[in-house]
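Q: Just one file: model-v1.cif, with mmCIF, C-alpha atoms.
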```
data_final
#
loop_
_atom_site.label_atom_id
_atom_site.label_comp_id
_atom_site.auth_asym_id
_atom_site.auth_seq_id
_atom_site.Cartn_x
_atom_site.Cartn_y
_atom_site.Cartn_z
CA MET L 1 16.31 187.70 -2.86
CA ALA L 2 14.80 190.00 -0.26
CA ASP L 3 11.30 188.76 -1.04
CA GLY L 4 12.49 185.16 -0.83
CA LYS L 5 14.11 185.84 2.52
CA ASN L 6 10.92 187.44 3.83
CA VAL L 7 8.95 184.41 2.71
CA SER L 8 11.46 182.19 4.51
CA LYS L 9 11.13 184.23 7.69
CA SER L 10 7.35 184.19 7.46
CA LEU L 11 7.33 180.45 6.86
CA GLU L 12 9.50 179.72 9.89
CA ARG L 13 7.28 181.88 12.08
CA VAL L 14 4.19 180.02 10.84
CA VAL L 15 5.93 176.69 11.53
CA ALA L 16 6.61 177.75 15.13
CA GLU L 17 3.06 179.02 15.63
CA THR L 18 1.62 175.82 14.16
CA ALA L 19 3.74 173.64 16.44
CA MET L 20 2.72 175.70 19.48
CA LEU L 21 -0.97 175.53 18.57
CA ALA L 22 -0.76 171.76 18.07
CA GLY L 23 1.06 171.25 21.36
CA GLU L 24 -1.33 173.45 23.31
CA THR L 25 -4.40 171.71 21.86
CA MET L 26 -3.03 168.23 22.58
CA LEU L 27 -1.98 169.14 26.13
CA ILE L 28 -5.44 170.55 26.89
CA ALA L 29 -6.97 167.36 25.45
CA GLY L 30 -4.97 165.21 27.88
CA ALA L 31 -2.18 163.83 25.69
CA GLU L 32 0.94 162.45 27.37
CA ILE L 33 4.07 164.63 27.28
CA SER L 34 6.08 162.41 24.92
CA ARG L 35 3.28 162.45 22.34
CA VAL L 36 2.96 166.23 22.49
CA GLU L 37 6.71 166.71 22.03
CA ASP L 38 6.85 164.17 19.19
CA THR L 39 4.01 165.92 17.33
CA MET L 40 5.55 169.35 17.81
CA ASN L 41 8.95 168.15 16.60
CA ARG L 42 7.37 166.62 13.48
CA ILE L 43 5.87 170.01 12.68
CA LEU L 44 9.11 171.89 13.49
CA ASP L 45 10.98 169.56 11.11
CA TYR L 46 9.05 171.22 8.27
CA SER L 47 11.13 174.39 8.74
CA LYS L 48 14.37 172.59 7.72
CA CYS L 49 16.20 174.68 10.35
CA GLU L 50 19.48 173.48 11.83
CA SER L 51 18.01 172.93 15.27
CA HIS L 52 14.75 173.15 17.15
CA THR L 53 13.47 172.12 20.56
CA ALA L 54 10.03 171.50 22.04
CA PHE L 55 9.95 171.33 25.84
CA VAL L 56 6.61 170.39 27.38
CA LEU L 57 5.48 170.26 31.02
CA ALA L 58 2.07 169.41 32.41
CA THR L 59 1.06 173.09 32.53
CA GLY L 60 3.25 174.79 29.94
CA ILE L 61 5.11 174.62 26.63
CA THR L 62 8.33 176.22 25.40
CA LEU L 63 9.76 175.90 21.90
CA THR L 64 12.82 177.31 20.15
CA LEU L 65 13.59 177.40 16.45
CA ASP L 66 17.04 178.40 15.18
CA SER L 67 16.01 180.18 11.97
CA ASP L 68 17.71 182.50 9.47
CA GLU L 69 16.03 185.49 11.13
CA GLY L 70 17.45 184.50 14.49
CA LEU L 71 16.29 182.42 17.39
CA ILE L 72 12.49 182.14 17.55
CA THR L 73 11.33 181.36 21.09
CA MET L 74 7.75 180.88 22.25
CA SER L 75 6.32 180.00 25.67
CA LYS L 76 2.75 179.36 26.67
CA ARG L 77 1.09 178.43 29.95
CA VAL L 78 -1.63 175.81 29.57
CA PRO L 79 -3.82 175.75 32.71
CA GLU L 80 -6.86 174.12 31.06
CA ARG L 81 -7.41 170.37 31.27
CA THR L 82 -9.97 168.11 29.60
CA THR L 83 -10.00 164.62 28.12
CA ASN L 84 -10.55 164.43 24.36
CA ILE L 85 -8.82 161.47 22.73
CA ASN L 86 -10.44 162.19 19.35
CA ARG L 87 -8.81 165.63 19.23
CA ILE L 88 -5.41 164.08 20.00
CA TYR L 89 -5.92 161.53 17.21
CA LEU L 90 -6.88 164.22 14.66
CA ILE L 91 -3.84 166.40 15.39
CA ASN L 92 -1.59 163.33 15.21
CA ASN L 93 -2.97 162.72 11.73
CA VAL L 94 -2.28 166.32 10.69
CA SER L 95 1.35 166.18 11.87
CA ARG L 96 1.95 162.92 10.02
CA ALA L 97 0.29 164.22 6.86
CA LEU L 98 2.58 167.27 7.07
CA SER L 99 5.65 165.05 7.51
CA ALA L 100 4.59 162.92 4.50
CA GLY L 101 4.17 165.99 2.28
CA LYS L 102 0.42 165.54 1.91
CA MET L 103 -0.27 169.12 3.08
CA ASP L 104 1.72 172.32 3.54
CA ILE L 105 2.25 174.21 6.78
CA TYR L 106 -0.52 176.73 6.07
CA GLU L 107 -3.06 173.96 5.53
CA ALA L 108 -1.82 172.24 8.69
CA TYR L 109 -2.26 175.42 10.75
CA SER L 110 -5.77 175.94 9.41
CA GLU L 111 -6.71 172.31 10.10
CA ILE L 112 -5.36 172.38 13.68
CA LYS L 113 -7.22 175.65 14.33
CA LYS L 114 -10.46 173.99 13.21
CA ILE L 115 -9.80 170.97 15.42
CA LYS L 116 -9.20 173.22 18.45
CA ASP L 117 -12.18 175.50 17.87
CA VAL L 118 -14.85 172.98 16.91
CA ARG L 119 -16.99 171.87 19.83
CA GLN L 120 -17.45 168.12 19.53
CA PHE L 121 -20.58 167.75 21.65
CA THR L 122 -23.49 170.08 22.40
CA GLY L 123 -24.41 170.91 25.97
CA ILE L 124 -27.48 168.66 25.90
CA LEU L 125 -25.55 165.68 24.54
CA TYR L 126 -22.80 166.26 27.11
CA GLY L 127 -25.39 166.27 29.89
CA LEU L 128 -27.06 163.12 28.58
CA SER L 129 -23.68 161.39 28.66
CA PHE L 130 -23.66 161.80 32.47
CA VAL L 131 -27.04 160.07 32.61
CA GLY L 132 -25.92 157.25 30.30
CA VAL L 133 -22.61 156.61 32.05
CA ALA L 134 -24.22 156.53 35.51
CA LEU L 135 -27.12 154.34 34.38
CA PHE L 136 -25.14 151.77 32.42
CA PHE L 137 -22.29 151.48 34.92
CA THR L 138 -24.86 150.74 37.61
CA MET L 139 -26.38 148.11 35.32
CA MET L 140 -22.95 146.61 34.64
CA LEU L 141 -22.25 146.39 38.38
CA GLY L 142 -25.42 144.35 38.89
CA GLY L 143 -28.02 146.98 39.76
CA ASP L 144 -31.68 146.27 39.12
CA PHE L 145 -34.13 148.47 37.20
CA THR L 146 -34.78 150.78 40.17
CA ASP L 147 -31.06 151.21 40.90
CA CYS L 148 -30.36 152.07 37.25
CA MET L 149 -33.18 154.61 37.00
CA VAL L 150 -32.12 156.35 40.22
CA ALA L 151 -28.50 156.39 39.00
CA GLY L 152 -29.67 158.03 35.77
CA VAL L 153 -31.52 160.73 37.71
CA ALA L 154 -28.49 161.24 39.96
CA GLY L 155 -26.28 161.56 36.88
CA LEU L 156 -28.68 164.19 35.51
CA ALA L 157 -28.44 166.10 38.80
CA MET L 158 -24.64 166.07 38.48
CA ALA L 159 -24.79 167.34 34.89
CA ILE L 160 -27.22 170.16 35.76
CA THR L 161 -25.06 171.21 38.71
CA GLN L 162 -21.92 171.37 36.58
CA TRP L 163 -23.77 173.31 33.88
CA ALA L 164 -25.01 175.81 36.48
CA LEU L 165 -21.66 176.26 38.24
CA VAL L 166 -19.22 176.52 35.30
CA PRO L 167 -20.08 180.20 34.53
CA PHE L 168 -19.11 181.16 38.09
CA GLY L 169 -15.49 180.10 37.53
CA PHE L 170 -15.19 177.56 40.35
CA ASN L 171 -11.92 175.64 40.36
CA SER L 172 -12.04 171.94 39.50
CA PHE L 173 -11.97 170.79 43.14
CA PHE L 174 -15.11 172.69 44.17
CA LEU L 175 -16.83 171.99 40.86
CA ASN L 176 -16.31 168.25 41.29
CA MET L 177 -17.15 168.30 44.99
CA ILE L 178 -20.41 170.23 44.61
CA SER L 179 -21.55 168.24 41.57
CA THR L 180 -20.79 164.99 43.43
CA LEU L 181 -22.69 166.32 46.44
CA SER L 182 -25.68 167.02 44.20
CA MET L 183 -25.55 163.51 42.74
CA ALA L 184 -25.15 161.83 46.14
CA LEU L 185 -27.96 163.91 47.73
CA THR L 186 -30.26 162.75 44.92
CA ALA L 187 -29.29 159.10 45.41
CA VAL L 188 -29.50 159.16 49.22
CA GLY L 189 -32.77 161.11 49.08
CA PHE L 190 -34.34 158.46 46.86
CA GLN L 191 -33.24 155.74 49.28
CA ARG L 192 -34.47 157.56 52.39
CA PHE L 193 -37.82 158.75 51.06
CA VAL L 194 -38.81 156.67 47.99
CA PHE L 195 -37.03 153.32 47.45
CA ALA L 196 -35.83 152.05 50.81
CA ASN L 197 -34.61 148.73 49.38
CA MET L 198 -32.50 150.13 46.54
CA ASN L 199 -28.74 149.42 46.51
CA ILE L 200 -27.33 152.83 47.37
CA ASP L 201 -23.70 151.69 46.99
CA LEU L 202 -24.18 150.69 43.34
CA VAL L 203 -26.08 153.87 42.57
CA ILE L 204 -23.37 156.13 44.01
CA ILE L 205 -20.56 154.17 42.34
CA GLY L 206 -22.36 154.45 39.01
CA GLY L 207 -23.09 158.12 39.64
CA ILE L 208 -19.48 159.14 40.21
CA MET L 209 -18.20 157.36 37.09
CA PRO L 210 -18.62 160.39 34.76
CA ILE L 211 -15.92 162.29 36.66
CA VAL L 212 -13.64 159.45 37.78
CA PRO L 213 -10.19 160.43 36.37
CA GLY L 214 -9.32 157.06 34.82
CA VAL L 215 -7.80 158.47 31.61
CA ILE L 216 -5.78 161.03 33.58
CA PHE L 217 -4.41 158.27 35.82
CA THR L 218 -3.44 156.17 32.77
CA THR L 219 -1.72 159.19 31.19
CA ALA L 220 0.13 159.87 34.46
CA MET L 221 1.46 156.30 34.47
CA ARG L 222 2.57 156.59 30.83
CA ASP L 223 4.33 159.89 31.52
CA THR L 224 6.12 158.34 34.50
CA LEU L 225 7.20 155.26 32.55
CA ASN L 226 8.43 157.52 29.71
CA GLY L 227 10.66 159.38 32.17
CA ASP L 228 8.55 162.57 32.33
CA TYR L 229 8.45 162.43 36.11
CA THR L 230 7.32 166.03 36.68
CA ALA L 231 4.25 165.57 34.49
CA GLY L 232 3.62 162.10 35.91
CA VAL L 233 3.64 163.30 39.51
CA SER L 234 1.57 166.37 38.60
CA ARG L 235 -1.13 164.27 36.98
CA MET L 236 -1.06 161.76 39.83
CA LEU L 237 -1.76 164.64 42.22
CA GLU L 238 -4.57 165.78 39.92
CA THR L 239 -6.23 162.36 40.13
CA GLY L 240 -5.82 162.45 43.92
CA VAL L 241 -7.49 165.87 44.14
CA VAL L 242 -10.43 164.69 42.01
CA ALA L 243 -10.80 161.53 44.10
CA PHE L 244 -10.71 163.58 47.32
CA ALA L 245 -13.35 165.98 45.95
CA VAL L 246 -15.60 163.03 45.08
CA ALA L 247 -15.13 161.51 48.55
CA VAL L 248 -15.94 164.81 50.29
CA GLY L 249 -19.06 165.28 48.16
CA VAL L 250 -20.41 161.81 48.98
CA ALA L 251 -19.57 162.18 52.68
CA LEU L 252 -21.35 165.54 52.91
CA ALA L 253 -24.48 164.01 51.36
CA TYR L 254 -24.62 161.44 54.16
CA VAL L 255 -24.05 164.13 56.77
CA ILE L 256 -26.85 166.30 55.36
CA LEU L 257 -29.35 163.46 55.00
#
```
Please go through the file and, once you have read it, give me the structure as structure tokens.
A:
Amino acid sequence: MADGKNVSKSLERVVAETAMLAGETMLIAGAEISRVEDTMNRILDYSKCESHTAFVLATGITLTLDSDEGLITMSKRVPERTTNINRIYLINNVSRALSAGKMDIYEAYSEIKKIKDVRQFTGILYGLSFVGVALFFTMMLGGDFTDCMVAGVAGLAMAITQWALVPFGFNSFFLNMISTLSMALTAVGFQRFVFANMNIDLVIIGGIMPIVPGVIFTTAMRDTLNGDYTAGVSRMLETGVVAFAVAVGVALAYVIL
């Protein structure tokens, strides 16, 4: 009986740790609050405990599990923020497979750990995405060949700047502002000294697209409509800070050149 009880205690602890890991990974990836809580509760259901609670805010998670060994409580601050819809989708699948009995809690923990730790894109591919987004958005907005090529170079300047600054630990405001400044200086410099007739407005609009917080804004609206007003307002402010950083970066480029 003692061994069985120890297994039960160990299992409930693993359930709590798995739910916390899933919630943390989804919150970092940009999932809305209701989705994070739903996924965590699906995992906590595996414990068969009388009661459990997952409480999620934009920057932190708390869970409680009323187990045979007593009340298990975990809290974690989550200051990181990215956008990775694929990671959210994969963890959703794991939680639903766990609920359907297609895997046990130990397999679920291992799978979520892999999802969190695996880097989806290499640094070079991530940098090339800045070039592609800037180039093709400029094309979509009606830019000609010259505009698109300059936008691609400006996007490359933004990617290189971010790559160079990340190790220094700049906060997101200064990182976005300086990388936007680098992009805008490249675009304005090309117009002033190389292609006087290029459409600078289209080039800059295309160039800022890699860091425009569109997904964050959509998530903020969903949180607000779901009644998670704290998270909704927090993410709205985040989009405002990013937009302000972009505006300051572009304005400084015009002042400098």
Q: For Val15 in chain L, please output as a PyMOL selection string all residues within 8 Å (counting only C-alpha atoms; exclusion window: fewer than 6 positions along the same chain).
A: chain L and resi 43-44+46-47+105
Q: Could you spell out the hits of the PyMOL selection byres ((chain L and resi 28) around 8) on the shown file, as a PDB file with C-alpha atoms, in the frame of the given file?
A:
```pdb
ATOM      1  CA  GLU L  24      -1.330 173.450  23.310  1.00  0.00           C
ATOM      2  CA  THR L  25      -4.400 171.710  21.860  1.00  0.00           C
ATOM      3  CA  MET L  26      -3.030 168.230  22.580  1.00  0.00           C
ATOM      4  CA  LEU L  27      -1.980 169.140  26.130  1.00  0.00           C
ATOM      5  CA  ALA L  29      -6.970 167.360  25.450  1.00  0.00           C
ATOM      6  CA  GLY L  30      -4.970 165.210  27.880  1.00  0.00           C
ATOM      7  CA  ALA L  31      -2.180 163.830  25.690  1.00  0.00           C
ATOM      8  CA  VAL L  78      -1.630 175.810  29.570  1.00  0.00           C
ATOM      9  CA  PRO L  79      -3.820 175.750  32.710  1.00  0.00           C
ATOM     10  CA  GLU L  80      -6.860 174.120  31.060  1.00  0.00           C
ATOM     11  CA  ARG L  81      -7.410 170.370  31.270  1.00  0.00           C
ATOM     12  CA  THR L  82      -9.970 168.110  29.600  1.00  0.00           C
ATOM     13  CA  THR L  83     -10.000 164.620  28.120  1.00  0.00           C
TER      14      THR L  83
END
```
Q: Report as a list of chain:residue names the full result of the PyMOL selection byres ((chain L and resi 40) around 10) when it is applied to this structure.
A: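 So the PyMOL selection byres ((chain L and resi 40) around 10), applied here, picks out L:Val15, L:Ala16, L:Thr18, L:Ala19, L:Met20, L:Leu21, L:Ala22, L:Gly23, L:Glu24, L:Met26, L:Ser34, L:Arg35, L:Val36, L:Glu37, L:Asp38, L:Thr39, L:Asn41, L:Arg42, L:Ile43, L:Leu44, L:Asp45, L:His52, L:Thr53, L:Ala54, L:Phe55, L:Val56, L:Leu63, L:Asn92, L:Ser95.
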Q: Please, could you write that set of residues out with C-alpha atoms as a short mmCIF file (atom, residue, chain, number, x, y, z; two decimals), in the frame of the given file?
A:
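Result file is selection-v1.cif:
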```
data_model
loop_
_atom_site.label_atom_id
_atom_site.label_comp_id
_atom_site.auth_asym_id
_atom_site.auth_seq_id
_atom_site.Cartn_x
_atom_site.Cartn_y
_atom_site.Cartn_z
CA VAL L 15 5.93 176.69 11.53
CA ALA L 16 6.61 177.75 15.13
CA THR L 18 1.62 175.82 14.16
CA ALA L 19 3.74 173.64 16.44
CA MET L 20 2.72 175.70 19.48
CA LEU L 21 -0.97 175.53 18.57
CA ALA L 22 -0.76 171.76 18.07
CA GLY L 23 1.06 171.25 21.36
CA GLU L 24 -1.33 173.45 23.31
CA MET L 26 -3.03 168.23 22.58
CA SER L 34 6.08 162.41 24.92
CA ARG L 35 3.28 162.45 22.34
CA VAL L 36 2.96 166.23 22.49
CA GLU L 37 6.71 166.71 22.03
CA ASP L 38 6.85 164.17 19.19
CA THR L 39 4.01 165.92 17.33
CA ASN L 41 8.95 168.15 16.60
CA ARG L 42 7.37 166.62 13.48
CA ILE L 43 5.87 170.01 12.68
CA LEU L 44 9.11 171.89 13.49
CA ASP L 45 10.98 169.56 11.11
CA HIS L 52 14.75 173.15 17.15
CA THR L 53 13.47 172.12 20.56
CA ALA L 54 10.03 171.50 22.04
CA PHE L 55 9.95 171.33 25.84
CA VAL L 56 6.61 170.39 27.38
CA LEU L 63 9.76 175.90 21.90
CA ASN L 92 -1.59 163.33 15.21
CA SER L 95 1.35 166.18 11.87
#
```
Q: Range 118-123 of chain L, all listed atoms, 8 Å padding on each side: what axis-aligned box centre and edge lengths in Å to one decimal come out, as JSON?
A:
```
{"center_x": -19.6, "center_y": 170.4, "center_z": 21.4, "size_x": 25.6, "size_y": 21.2, "size_z": 25.1}
```
Q: Let me make sure I understand: among L:Ile178, L:Leu185, L:Val94, L:Cys148, which one has the smallest atom-to-atom distance to Ala245 in chain L if we use all atoms listed in the file?
A: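 Going through L:Ile178, L:Leu185, L:Val94, L:Cys148 one by one, the smallest distance to Ala245 in chain L is for L:Ile178.
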Q: Ranking L:Leu128, L:Leu135, L:Leu141, L:Ile88 by minimum distance to Ile112 in chain L and counting only C-alpha atoms, which one comes first?
A: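 For Ile112 in chain L, the nearest of the given residues is L:Ile88.
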Q: Please determine, counting only C-alpha atoms, which residue among L:Ser172, L:Gln120, L:Ser179, L:Thr186 has the shortest atom-to-atom distance to Val153 in chain L.
A: L:Thr186
Q: For CA of Glu238 in chain L and CA of Ile61 in chain L, quote the distance in Å rounded to one decimal.
A: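 These atoms are spaced 18.7 Å apart.
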Q: Of the residues L:Thr218, L:Asn176, L:Thr62, L:Ser182, which is the one nearest to Ile204 in chain L, using only C-alpha atoms?
A: L:Ser182
Q: Quick one: which residues end up in the PyMOL selection byres ((chain L and resi 223) around 12) for this structure, as JSON, numbers by chain?
A: {"L": [30, 31, 32, 33, 34, 35, 36, 37, 56, 57, 58, 216, 217, 218, 219, 220, 221, 222, 224, 225, 226, 227, 228, 229, 230, 231, 232, 233, 234, 235, 236]}
Q: Provide the CA of Val14 in chain L to CA of Arg119 in chain L distance in Å, to one decimal place.
A: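 That distance, rounded to one decimal, is 24.4 Å.
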Q: CA of Ala243 in chain L to CA of Pro210 in chain L: how many Å, to one decimal?
A: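 Separation of CA of Ala243 in chain L and CA of Pro210 in chain L: 12.2 Å.
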Q: Would you list the residues near (-20.1, 151.3, 34.1) (no more than 10 Å away, in the coordinates of the file, using all atoms listed in the file) as a PDB file with C-alpha atoms, in the frame of the given file?
A:
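Resulting contents of result17.pdb:
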```pdb
ATOM      1  CA  GLY L 132     -25.920 157.250  30.300  1.00  0.00           C
ATOM      2  CA  VAL L 133     -22.610 156.610  32.050  1.00  0.00           C
ATOM      3  CA  ALA L 134     -24.220 156.530  35.510  1.00  0.00           C
ATOM      4  CA  LEU L 135     -27.120 154.340  34.380  1.00  0.00           C
ATOM      5  CA  PHE L 136     -25.140 151.770  32.420  1.00  0.00           C
ATOM      6  CA  PHE L 137     -22.290 151.480  34.920  1.00  0.00           C
ATOM      7  CA  THR L 138     -24.860 150.740  37.610  1.00  0.00           C
ATOM      8  CA  MET L 139     -26.380 148.110  35.320  1.00  0.00           C
ATOM      9  CA  MET L 140     -22.950 146.610  34.640  1.00  0.00           C
ATOM     10  CA  LEU L 141     -22.250 146.390  38.380  1.00  0.00           C
ATOM     11  CA  GLY L 142     -25.420 144.350  38.890  1.00  0.00           C
ATOM     12  CA  ILE L 205     -20.560 154.170  42.340  1.00  0.00           C
ATOM     13  CA  GLY L 206     -22.360 154.450  39.010  1.00  0.00           C
ATOM     14  CA  GLY L 207     -23.090 158.120  39.640  1.00  0.00           C
ATOM     15  CA  ILE L 208     -19.480 159.140  40.210  1.00  0.00           C
ATOM     16  CA  MET L 209     -18.200 157.360  37.090  1.00  0.00           C
ATOM     17  CA  PRO L 210     -18.620 160.390  34.760  1.00  0.00           C
TER      18      PRO L 210
END
```
Q: Let me make sure I understand: among L:Asn171, L:Ile115, L:Leu252, L:Ile85, which one has the smallest atom-to-atom distance to Met183 in chain L if we use all atoms listed in the file?
A: L:Leu252
Q: Name all residues at most 10 Å from Met198 in chain L (count all atoms listed in the file; drop same-chain ones fewer than 3 positions away) and give them as a tab-separated table (two decimals) with C-alpha atoms, keeping the file's coordinate frame.
A:
```tsv
chain	number	residue	atom	x	y	z
L	143	GLY	CA	-28.02	146.98	39.76
L	144	ASP	CA	-31.68	146.27	39.12
L	145	PHE	CA	-34.13	148.47	37.20
L	146	THR	CA	-34.78	150.78	40.17
L	147	ASP	CA	-31.06	151.21	40.90
L	148	CYS	CA	-30.36	152.07	37.25
L	150	VAL	CA	-32.12	156.35	40.22
L	187	ALA	CA	-29.29	159.10	45.41
L	188	VAL	CA	-29.50	159.16	49.22
L	190	PHE	CA	-34.34	158.46	46.86
L	191	GLN	CA	-33.24	155.74	49.28
L	192	ARG	CA	-34.47	157.56	52.39
L	194	VAL	CA	-38.81	156.67	47.99
L	195	PHE	CA	-37.03	153.32	47.45
L	201	ASP	CA	-23.70	151.69	46.99
L	202	LEU	CA	-24.18	150.69	43.34
L	203	VAL	CA	-26.08	153.87	42.57
```
Q: From the options L:Leu181, L:Ala100, L:Leu156, L:Ala151, which residue's atoms come nearest to Leu125 in chain L, counting all atoms listed in the file?
A: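 That would be L:Leu156, the residue with the smallest distance to Leu125 in chain L.
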Q: Because the input lacks atoms here, generate all heavy atoms for range 130-138 of chain L and report them as a tab-separated table (two decimals), in the coordinates of the input.
A:
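After the write, part_26.tsv holds the following:
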```tsv
chain	number	residue	atom	x	y	z
L	130	PHE	N	-23.72	162.05	31.02
L	130	PHE	CA	-23.66	161.80	32.47
L	130	PHE	C	-24.73	160.79	32.86
L	130	PHE	O	-24.48	159.88	33.66
L	130	PHE	CB	-23.86	163.10	33.24
L	130	PHE	CG	-22.63	163.95	33.37
L	130	PHE	CD1	-22.12	164.63	32.29
L	130	PHE	CD2	-21.98	164.06	34.59
L	130	PHE	CE1	-20.98	165.41	32.40
L	130	PHE	CE2	-20.83	164.84	34.71
L	130	PHE	CZ	-20.33	165.52	33.61
L	131	VAL	N	-25.93	160.98	32.31
L	131	VAL	CA	-27.04	160.07	32.61
L	131	VAL	C	-26.71	158.66	32.12
L	131	VAL	O	-26.87	157.68	32.86
L	131	VAL	CB	-28.34	160.57	31.94
L	131	VAL	CG1	-29.47	159.58	32.19
L	131	VAL	CG2	-28.71	161.95	32.46
L	132	GLY	N	-26.22	158.56	30.87
L	132	GLY	CA	-25.92	157.25	30.30
L	132	GLY	C	-24.81	156.52	31.04
L	132	GLY	O	-24.92	155.32	31.31
L	133	VAL	N	-23.73	157.25	31.36
L	133	VAL	CA	-22.61	156.61	32.05
L	133	VAL	C	-23.06	156.11	33.43
L	133	VAL	O	-22.77	154.97	33.82
L	133	VAL	CB	-21.44	157.61	32.20
L	133	VAL	CG1	-20.38	157.05	33.14
L	133	VAL	CG2	-20.82	157.89	30.84
L	134	ALA	N	-23.77	156.93	34.18
L	134	ALA	CA	-24.22	156.53	35.51
L	134	ALA	C	-25.17	155.34	35.43
L	134	ALA	O	-25.04	154.36	36.18
L	134	ALA	CB	-24.91	157.71	36.21
L	135	LEU	N	-26.12	155.40	34.50
L	135	LEU	CA	-27.12	154.34	34.38
L	135	LEU	C	-26.50	153.00	33.98
L	135	LEU	O	-26.73	151.97	34.62
L	135	LEU	CB	-28.18	154.77	33.36
L	135	LEU	CG	-29.46	153.95	33.24
L	135	LEU	CD1	-30.58	154.81	32.67
L	135	LEU	CD2	-29.26	152.73	32.33
L	136	PHE	N	-25.67	153.03	32.94
L	136	PHE	CA	-25.14	151.77	32.42
L	136	PHE	C	-24.02	151.18	33.28
L	136	PHE	O	-23.85	149.96	33.33
L	136	PHE	CB	-24.69	151.96	30.97
L	136	PHE	CG	-25.84	152.10	30.01
L	136	PHE	CD1	-26.10	153.31	29.39
L	136	PHE	CD2	-26.69	151.03	29.76
L	136	PHE	CE1	-27.18	153.46	28.53
L	136	PHE	CE2	-27.76	151.16	28.90
L	136	PHE	CZ	-28.01	152.38	28.28
L	137	PHE	N	-23.27	152.03	33.98
L	137	PHE	CA	-22.29	151.48	34.92
L	137	PHE	C	-22.99	150.79	36.08
L	137	PHE	O	-22.55	149.75	36.55
L	137	PHE	CB	-21.35	152.56	35.43
L	137	PHE	CG	-20.02	152.59	34.73
L	137	PHE	CD1	-19.76	153.54	33.76
L	137	PHE	CD2	-19.04	151.65	35.02
L	137	PHE	CE1	-18.54	153.56	33.09
L	137	PHE	CE2	-17.82	151.67	34.36
L	137	PHE	CZ	-17.57	152.62	33.39
L	138	THR	N	-24.09	151.38	36.54
L	138	THR	CA	-24.86	150.74	37.61
L	138	THR	C	-25.42	149.40	37.14
L	138	THR	O	-25.41	148.41	37.88
L	138	THR	CB	-26.01	151.66	38.06
L	138	THR	OG1	-25.47	152.92	38.49
L	138	THR	CG2	-26.79	151.05	39.21
```
